[in-house]
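Asker: Here you go, this is coords_38.cif (mmCIF, C-alpha atoms and all ligand atoms).
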```cif
data_input
#
loop_
_atom_site.label_atom_id
_atom_site.label_comp_id
_atom_site.auth_asym_id
_atom_site.auth_seq_id
_atom_site.Cartn_x
_atom_site.Cartn_y
_atom_site.Cartn_z
CA MET S 1 130.56 21.04 239.39
CA SER S 2 131.45 19.57 236.01
CA ARG S 3 132.05 22.18 233.36
CA SER S 4 131.13 19.82 230.54
CA GLU S 5 127.91 17.98 229.71
CA LYS S 6 126.35 15.70 227.09
CA VAL S 7 124.56 17.50 224.28
CA ILE S 8 122.77 16.62 221.06
CA LEU S 9 123.06 19.38 218.48
CA THR S 10 120.48 19.83 215.75
CA ASN S 11 119.19 22.59 213.51
CA MET S 12 116.04 23.69 211.74
CA CYS S 13 115.47 26.30 209.04
CA MET S 14 112.51 28.41 208.01
CA ILE S 15 112.82 29.27 204.31
CA GLU S 16 110.64 32.04 202.92
CA ASP S 17 110.24 32.90 199.25
CA ASP S 18 109.63 36.33 197.69
CA SER S 19 105.87 35.93 197.90
CA GLY S 20 105.99 35.14 201.64
CA LYS S 21 105.45 31.39 201.29
CA ILE S 22 107.29 29.08 203.65
CA LEU S 23 108.68 25.60 203.07
CA ILE S 24 107.29 22.88 205.33
CA GLN S 25 108.30 19.25 205.76
CA ASN S 26 105.88 16.52 206.80
CA ARG S 27 107.76 14.17 209.14
CA ALA S 28 105.17 11.41 208.84
CA GLY S 29 106.49 8.08 210.08
CA LYS S 30 109.36 9.51 212.12
CA SER S 31 109.94 10.30 215.76
CA TRP S 32 108.34 13.69 216.55
CA PRO S 33 105.82 13.27 213.69
CA GLY S 34 103.98 16.09 211.98
CA VAL S 35 104.71 19.22 209.97
CA THR S 36 107.89 21.16 210.78
CA PHE S 37 110.65 22.94 208.92
CA PRO S 38 113.59 20.94 207.52
CA GLY S 39 116.66 20.26 209.63
CA GLY S 40 118.65 17.54 211.31
CA HIS S 41 121.71 16.63 213.32
CA ILE S 42 124.90 18.65 213.34
CA GLU S 43 127.92 16.40 212.79
CA TYR S 44 130.89 16.22 215.10
CA GLY S 45 133.14 19.24 214.57
CA GLU S 46 130.95 20.66 211.79
CA SER S 47 130.37 24.42 211.42
CA PHE S 48 126.82 25.26 212.57
CA VAL S 49 126.11 27.25 209.40
CA ASP S 50 127.53 24.54 207.12
CA ALA S 51 125.36 21.99 208.94
CA VAL S 52 122.09 23.84 208.31
CA VAL S 53 123.04 24.45 204.67
CA ARG S 54 123.81 20.72 204.29
CA GLU S 55 120.63 19.52 206.02
CA VAL S 56 118.42 21.81 203.94
CA GLN S 57 120.15 20.63 200.78
CA GLU S 58 119.69 16.96 201.71
CA GLU S 59 116.07 17.30 202.76
CA THR S 60 114.70 19.87 200.27
CA GLY S 61 117.05 20.05 197.27
CA LEU S 62 117.49 23.81 197.87
CA THR S 63 120.81 25.57 198.37
CA ILE S 64 120.29 28.24 201.02
CA ARG S 65 122.51 31.26 201.66
CA ASN S 66 122.97 33.52 204.67
CA PRO S 67 120.89 31.57 207.20
CA GLN S 68 120.31 33.81 210.21
CA LEU S 69 120.16 32.35 213.71
CA CYS S 70 116.71 33.32 215.01
CA GLY S 71 116.36 31.24 218.16
CA THR S 72 117.22 28.12 220.13
CA LYS S 73 115.17 25.29 221.57
CA GLN S 74 116.32 22.96 224.29
CA PHE S 75 115.13 20.15 226.48
CA GLN S 76 116.70 17.42 228.56
CA THR S 77 116.41 13.92 227.01
CA ARG S 78 115.53 10.76 228.94
CA ASN S 79 119.26 9.97 228.89
CA ASP S 80 119.93 13.36 230.46
CA GLU S 81 121.47 14.89 227.36
CA ARG S 82 120.75 18.52 226.56
CA TYR S 83 118.95 18.42 223.17
CA ILE S 84 119.56 21.71 221.38
CA VAL S 85 117.91 22.93 218.19
CA LEU S 86 119.53 25.95 216.53
CA MET S 87 116.77 27.70 214.62
CA TYR S 88 117.58 29.64 211.47
CA LYS S 89 115.71 31.51 208.78
CA THR S 90 116.57 32.72 205.30
CA ASN S 91 114.91 34.06 202.18
CA GLU S 92 117.94 33.44 199.97
CA PHE S 93 118.08 30.15 198.12
CA SER S 94 118.42 28.55 194.72
CA GLY S 95 117.19 25.32 193.18
CA GLU S 96 113.89 23.49 193.00
CA ILE S 97 112.32 21.60 195.88
CA GLN S 98 112.74 17.85 196.02
CA SER S 99 111.36 15.73 198.86
CA SER S 100 113.57 13.18 200.60
CA SER S 101 113.03 10.07 202.70
CA GLU S 102 112.89 12.45 205.70
CA GLY S 103 109.47 13.73 204.56
CA GLU S 104 107.55 15.50 201.86
CA VAL S 105 108.32 19.18 201.42
CA SER S 106 105.98 21.84 200.03
CA TRP S 107 105.51 25.61 199.86
CA ILE S 108 102.54 26.95 201.79
CA ASN S 109 101.13 30.34 202.77
CA GLN S 110 102.21 31.27 206.30
CA SER S 111 98.58 31.94 207.20
CA ASP S 112 97.74 28.28 206.40
CA LEU S 113 100.33 26.77 208.76
CA ASN S 114 97.82 26.09 211.52
CA SER S 115 95.60 24.07 209.20
CA TYR S 116 98.29 21.34 209.11
CA THR S 117 98.96 18.67 211.72
CA LEU S 118 102.02 20.26 213.28
CA ALA S 119 104.66 18.36 215.26
CA ASN S 120 104.19 18.67 219.00
CA ASP S 121 105.24 22.16 220.19
CA PHE S 122 106.22 23.31 216.68
CA GLU S 123 103.74 26.19 216.85
CA SER S 124 105.72 27.70 219.73
CA MET S 125 109.01 27.17 217.88
CA TYR S 126 107.51 29.07 214.95
CA GLU S 127 106.46 31.85 217.32
CA VAL S 128 110.08 32.21 218.47
CA MET S 129 111.42 32.10 214.90
CA ILE S 130 109.21 34.92 213.63
CA SER S 131 109.46 37.09 216.75
CA ASN S 132 111.89 39.99 217.04
CA ARG S 133 111.49 39.81 220.82
CA LEU S 134 111.86 36.08 221.57
CA SER S 135 114.99 33.99 221.09
CA GLU S 136 114.58 30.93 223.28
CA PHE S 137 112.22 27.98 223.67
CA TYR S 138 113.09 26.29 226.93
CA TYR S 139 111.66 23.21 228.64
CA ASP S 140 112.30 23.30 232.36
CA ARG S 141 112.73 20.20 234.54
CA ASN S 142 108.96 19.92 234.97
CA SER S 143 108.49 19.91 231.18
CA LYS S 144 106.99 23.35 231.33
CA VAL S 145 107.65 25.50 228.26
CA HIS S 146 109.16 28.96 228.63
CA LEU S 147 109.50 31.33 225.69
CA LYS S 148 112.14 33.95 226.42
N1 LIG H 201 113.29 13.85 217.48
C1 LIG H 201 112.99 15.13 217.76
N2 LIG H 201 113.38 16.10 216.88
C2 LIG H 201 113.08 17.37 217.20
C3 LIG H 201 112.38 17.71 218.38
N3 LIG H 201 112.24 19.06 218.43
C4 LIG H 201 112.80 19.54 217.32
O1 LIG H 201 112.87 20.72 217.00
N4 LIG H 201 113.34 18.53 216.55
C5 LIG H 201 113.98 18.74 215.26
C6 LIG H 201 115.43 19.08 215.30
C7 LIG H 201 115.86 18.65 213.90
O2 LIG H 201 115.47 19.61 212.94
C8 LIG H 201 115.04 17.43 213.67
C9 LIG H 201 115.75 16.17 214.11
O3 LIG H 201 115.01 15.14 213.60
P1 LIG H 201 115.60 13.66 213.46
O4 LIG H 201 115.96 13.14 214.80
O5 LIG H 201 114.60 12.92 212.66
O6 LIG H 201 116.90 13.88 212.68
P2 LIG H 201 117.11 13.71 211.15
O7 LIG H 201 116.95 12.30 210.82
O8 LIG H 201 116.24 14.69 210.41
O9 LIG H 201 118.61 14.16 211.09
P3 LIG H 201 119.80 13.32 210.56
O10 LIG H 201 119.92 12.17 211.52
O11 LIG H 201 119.38 12.92 209.16
O12 LIG H 201 120.94 14.25 210.60
O13 LIG H 201 113.85 17.60 214.43
C10 LIG H 201 111.96 16.70 219.28
O14 LIG H 201 111.33 16.95 220.29
N5 LIG H 201 112.30 15.42 218.92
#
```
Translate this file's structure into structure tokens.
Answerer:
Amino acid sequence: MSRSEKVILTNMCMIEDDSGKILIQNRAGKSWPGVTFPGGHIEYGESFVDAVVREVQEETGLTIRNPQLCGTKQFQTRNDERYIVLMYKTNEFSGEIQSSSEGEVSWINQSDLNSYTLANDFESMYEVMISNRLSEFYYDRNSKVHLK
């Protein structure tokens, strides 16, 4: 059995301010459309933490500190690559929000999240991110979701 495989590495970050608001991004017009948290692709050889700091900076204008890994998501792509999302959260940041071409960003109350048109399966990702018990969002070969 091969001990290597094809993977696509990405990240996503939940940013919370002192009043408990969270920063959402509306991915209208992109693949996987809808409201999510900011994030993107990890570059070849890049540190995972540096990558999430960079993506958040590019997509929101904020400089985050001390992002904490709070879960992973994975599924197998049509090209049989393992698509991995490293999920982080932080409440430490500086700067003012600025939207990018990746989507509009805005602060919302956590309790209002479900009133937005969320990206497919994002609600379950959020469940993993805020849970102290869950750390994995896994699609099996029958596209069934398992939260572990
Ligand atoms: N395309 C896609 N992205 C997903 C899925 N699930 C999921 O969490 N994501 C997240 C991971 C990343 O945060 C982000 C990747 O989105 P993207 O493919 O538009 O990448 P991007 O343009 O933001 O990144 P980049 O190329 O600028 O680095 O979406 C999914 O099913 N499909």
Asker: Rank S:Gln110, S:Ser47, S:Thr117, S:Thr77 by their smallest atom-to-atom distance to Lys21 (chain S), using only C-alpha atoms, and report the top residue only.
Answerer: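 Between S:Gln110, S:Ser47, S:Thr117, S:Thr77, the residue approaching Lys21 (chain S) most closely is S:Gln110.
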Asker: Find the residues with any atom within 12 Å of (128.7, 14.7, 212.2); use all atoms listed in the file and the coordinates as given in the file, and write the answer as a PyMOL selection string.
Answerer: chain S and resi 8-10+40-48+50-52+54-55
Asker: If you measure from CA of Thr90 (chain S) to CA of Gln76 (chain S), what distance in Å do you get, rounded to one decimal?
Answerer: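 Separation between CA of Thr90 (chain S) and CA of Gln76 (chain S): 27.8 Å.
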Asker: Could you list, as JSON, numbers by chain, every residue within 7 Å of Glu104 (chain S), counting all atoms listed in the file and ignoring same-chain residues fewer than 5 positions away?
Answerer: {"S": [25, 26, 99]}
Asker: Residues within 6 Å of ligand LIG 201 (chain H) (all atoms listed in the file), as a list in words?
Answerer: Thr10, Asn11, Met12, Ser31, Trp32, Pro38, Gly39, Gly40, His41 and Val85 of chain S
Asker: Using only C-alpha atoms, which residue out of S:Asp112, S:Glu59, S:Asp121, S:Glu102 lies closest to Gly20 (chain S)?
Answerer: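 Result for the nearest residue to Gly20 (chain S): S:Asp112.
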Asker: Nearest residue to Asn132 (chain S) out of S:Ser100, S:Gly95, S:Gly71, S:Asn79, using all atoms listed in the file?
Answerer: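 Looking at the shortest contact to Asn132 (chain S), the residue is S:Gly71.
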